[in-house]
Amino acid sequence: MIEKNFKNLDEQVEIFKFKGMIINDEKYVKKVLLRENYFFLNGYRHLFLISETDKRFKEGTTFEELYSLFLFDRTFRNVIFKYLLVIENNLKSIMSYQLSKKYGYRERDYLKNKNFTSEPNRQAQLNDLLKKMKRQIRVNGSQHSATLHYVSNYGYIPLWILVKVLSFGIVSELFQVLKKEDQKDIANVYEIAPETMIVYLPILANYRNLCAHEDILYENKTQKSIDDTVYHQLLRIKKVDEEFVQGKNDLFALIIIMKQLLLPEDFKNMTIELDNVIETLNYNLHTIDISQVLNRMGFPVNWKDLANMERSYINEDEDDK
């Protein structure tokens, strides 16, 4: 096994130089490398390389450009994260309201097995999930201020408080093991099918974790593709072999999901913020074109049009087909 030996800042700068990168200010570069980590910055190099086989930097590539892409991804990720948290909070509120209304507000009532799916292939998942939720009640009952308040004053933790300490992943699993009618009631709030929600929620949970841990966002691919939507058609996204080439398992697929789950005003605000981040990167790029970055993200050139596509217009469009 080949070992990766430690490289000091001088050596890290020399590696960049050896691969053809222009270093205008070594002191500045070392300062950035110390704070940001050579390994993480180097993860953004691919668009600047001559090819996948010739791993030297394209002529004229500067450290500032590489760092601009790194900062772009960080800022873009922060915007996405902010609105993912909005979706998470909305979903928790809607789910806790619907289930509390139907099954009660004490955990001994709403966590009964009979309140969930009876499908045989979901029982192991259900039992494991209920254990996780009960564990969260035990752990957070005396640690989290909200749960502690209810335990101390009422002796129980209602679901609308419990969801505060549940991860997005657990909430995603919870939706999967609900009864069909409960899934439908929750999905109807978003005007989408329960089956679509089942596909969307794990993707959202994965992106939420990716954002929280500052992993590379812009070229991330999901393990599962989303189904075709009317938005793919209205944006006239290109097809190859009858398959849309953008918005299926890339970052734009996430944007399409968020379009369907956020309120229109929230989605428009997010679009404005993301566009500003893209324009900043465009200003800072010289060796590569912004279109190459957008292509990695799966963004069509008219991606901003998505913000102005109202649901009433979507329904009219579908009725005309």
# chains A, B, ... in the order shown; residues from 1 in each chain; ligands from 1
call {"tool": "residues_around", "arguments": {"residues": "Ala307 (chain A)", "least_positions_apart": "5", "cutoff": "12 Å", "atoms": "only C-alpha atoms", "output": "list in words"}}
result
Tyr231, Leu235, Ile255, Ile256, Met258, Lys259, Gln260, Leu262, Leu263, Pro264, Glu265, Asp266, Phe267, Lys268, Asn269, Met270, Thr271, Ile272, Glu273, Leu274, Asp275 and Asn302 of chain A
call {"tool": "select_by_dssp", "arguments": {"residues": "region 59-224 of chain A", "states": "alpha helix (DSSP H)", "output": "ChimeraX atom specification"}}
result
/A:63-103,107-110,123-140,145-153,159-162,168-176,180-189,194-212
call {"tool": "closest_atom_pairs", "arguments": {"of": "region 201-283 of chain A", "to": "region 38-50 of chain A", "cutoff": "12 Å", "atoms": "only C-alpha atoms", "output": "Markdown table"}}
result
| residue | atom | partner | partner_atom | distance |
| --- | --- | --- | --- | --- |
| A:Glu214 | CA | A:Phe40 | CA | 9.7 |
| A:Asp215 | CA | A:Phe40 | CA | 8.8 |
| A:Ile216 | CA | A:Gly43 | CA | 7.9 |
| A:Leu217 | CA | A:Tyr44 | CA | 10.5 |
| A:Tyr218 | CA | A:Tyr44 | CA | 9.8 |
| A:Glu219 | CA | A:Tyr44 | CA | 9.6 |
| A:Asn220 | CA | A:Tyr44 | CA | 12.0 |
call {"tool": "closest_residue", "arguments": {"among": "A:Phe299, A:Tyr28, A:Tyr83, A:Tyr190", "to": "Glu64 (chain A)", "atoms": "only C-alpha atoms"}}
result
A:Tyr28
call {"tool": "select_by_dssp", "arguments": {"residues": "region 44-186 of chain A", "states": "strand (DSSP E or B)", "output": "number ranges by chain"}}
result
A: 49, 57, 62, 116, 178
call {"tool": "closest_atom_pairs", "arguments": {"of": "region 23-106 of chain A", "to": "region 148-169 of chain A", "cutoff": "10 Å", "atoms": "only C-alpha atoms", "output": "Markdown table"}}
result
| residue | atom | partner | partner_atom | distance |
| --- | --- | --- | --- | --- |
| A:Leu84 | CA | A:Phe168 | CA | 9.9 |
| A:Leu85 | CA | A:Phe168 | CA | 9.3 |
| A:Ile87 | CA | A:Phe168 | CA | 9.9 |
| A:Glu88 | CA | A:Phe168 | CA | 6.6 |
| A:Asn89 | CA | A:Lys164 | CA | 8.2 |
| A:Leu91 | CA | A:Phe168 | CA | 9.3 |
| A:Lys92 | CA | A:Val163 | CA | 6.0 |
| A:Ser93 | CA | A:Trp160 | CA | 6.7 |
| A:Ile94 | CA | A:Trp160 | CA | 9.1 |
| A:Met95 | CA | A:Trp160 | CA | 8.4 |
| A:Ser96 | CA | A:Trp160 | CA | 5.0 |
| A:Tyr97 | CA | A:Trp160 | CA | 6.9 |
| A:Gln98 | CA | A:Trp160 | CA | 10.0 |
| A:Leu99 | CA | A:Leu159 | CA | 8.1 |
| A:Ser100 | CA | A:Leu159 | CA | 6.6 |
| A:Gly104 | CA | A:Pro158 | CA | 8.3 |
| A:Tyr105 | CA | A:Pro158 | CA | 4.7 |
| A:Arg106 | CA | A:Pro158 | CA | 5.4 |
call {"tool": "closest_residue", "arguments": {"among": "A:Glu59, A:Glu191, A:Asp227, A:Glu65", "to": "Asn249 (chain A)", "atoms": "only C-alpha atoms"}}
result
A:Asp227
call {"tool": "closest_residue", "arguments": {"among": "A:Val230, A:Asn127, A:Leu201, A:Lys101", "to": "Asp182 (chain A)", "atoms": "only C-alpha atoms"}}
result
A:Lys101
call {"tool": "residues_around", "arguments": {"residues": "Arg236 (chain A)", "least_positions_apart": "6", "cutoff": "12 Å", "atoms": "only C-alpha atoms", "output": "list in words"}}
result
Thr229, Val230, Phe244, Val245, Gln246, Gly247, Pro300, Val301, Asn302, Trp303, Asp305 and Leu306 of chain A
call {"tool": "atom_distance", "arguments": {"atom1": "CA of Asn140 (chain A)", "atom2": "CA of Tyr110 (chain A)"}}
result
17.7 Å
call {"tool": "residues_around", "arguments": {"residues": "Glu11 (chain A)", "least_positions_apart": "5", "cutoff": "12 Å", "atoms": "only C-alpha atoms", "output": "ChimeraX atom specification"}}
result
/A:5-6,16-18,26,29-30,33,38
call {"tool": "atom_distance", "arguments": {"atom1": "CA of Lys179 (chain A)", "atom2": "CA of Val86 (chain A)"}}
result
25.1 Å
call {"tool": "atom_distance", "arguments": {"atom1": "CA of Arg122 (chain A)", "atom2": "CA of Ile198 (chain A)"}}
result
13.4 Å
call {"tool": "closest_residue", "arguments": {"among": "A:Lys248, A:Lys114, A:Lys238, A:Arg296", "to": "Ile203 (chain A)", "atoms": "only C-alpha atoms"}}
result
A:Lys248
call {"tool": "decode", "arguments": {"residues": "region 117-143 of chain A", "atoms": "C-alpha atoms", "output": "PDB file, in the first residue's frame"}}
result
ATOM      1  CA  THR A 117     -47.956   0.251   8.198  1.00  0.00           C
ATOM      2  CA  SER A 118     -48.793  -3.434   8.485  1.00  0.00           C
ATOM      3  CA  GLU A 119     -46.776  -4.351   5.380  1.00  0.00           C
ATOM      4  CA  PRO A 120     -44.633  -7.408   6.305  1.00  0.00           C
ATOM      5  CA  ASN A 121     -41.564  -6.121   4.464  1.00  0.00           C
ATOM      6  CA  ARG A 122     -41.615  -2.900   6.529  1.00  0.00           C
ATOM      7  CA  GLN A 123     -41.916  -4.429  10.006  1.00  0.00           C
ATOM      8  CA  ALA A 124     -38.185  -4.750  10.725  1.00  0.00           C
ATOM      9  CA  GLN A 125     -37.694  -1.131   9.617  1.00  0.00           C
ATOM     10  CA  LEU A 126     -40.670  -0.024  11.721  1.00  0.00           C
ATOM     11  CA  ASN A 127     -39.442  -1.770  14.869  1.00  0.00           C
ATOM     12  CA  ASP A 128     -35.959  -0.325  14.437  1.00  0.00           C
ATOM     13  CA  LEU A 129     -37.368   3.162  13.863  1.00  0.00           C
ATOM     14  CA  LEU A 130     -39.605   3.055  16.932  1.00  0.00           C
ATOM     15  CA  LYS A 131     -36.587   2.037  19.010  1.00  0.00           C
ATOM     16  CA  LYS A 132     -34.647   5.025  17.660  1.00  0.00           C
ATOM     17  CA  MET A 133     -37.496   7.403  18.470  1.00  0.00           C
ATOM     18  CA  LYS A 134     -37.948   6.020  21.980  1.00  0.00           C
ATOM     19  CA  ARG A 135     -34.209   6.322  22.521  1.00  0.00           C
ATOM     20  CA  GLN A 136     -34.377   9.980  21.496  1.00  0.00           C
ATOM     21  CA  ILE A 137     -37.105  10.480  24.101  1.00  0.00           C
ATOM     22  CA  ARG A 138     -34.913   8.900  26.798  1.00  0.00           C
ATOM     23  CA  VAL A 139     -31.755  10.774  25.794  1.00  0.00           C
ATOM     24  CA  ASN A 140     -33.280  14.184  25.145  1.00  0.00           C
ATOM     25  CA  GLY A 141     -35.927  14.041  27.845  1.00  0.00           C
ATOM     26  CA  SER A 142     -33.459  15.450  30.334  1.00  0.00           C
ATOM     27  CA  GLN A 143     -30.996  17.192  27.996  1.00  0.00           C
TER      28      GLN A 143
END
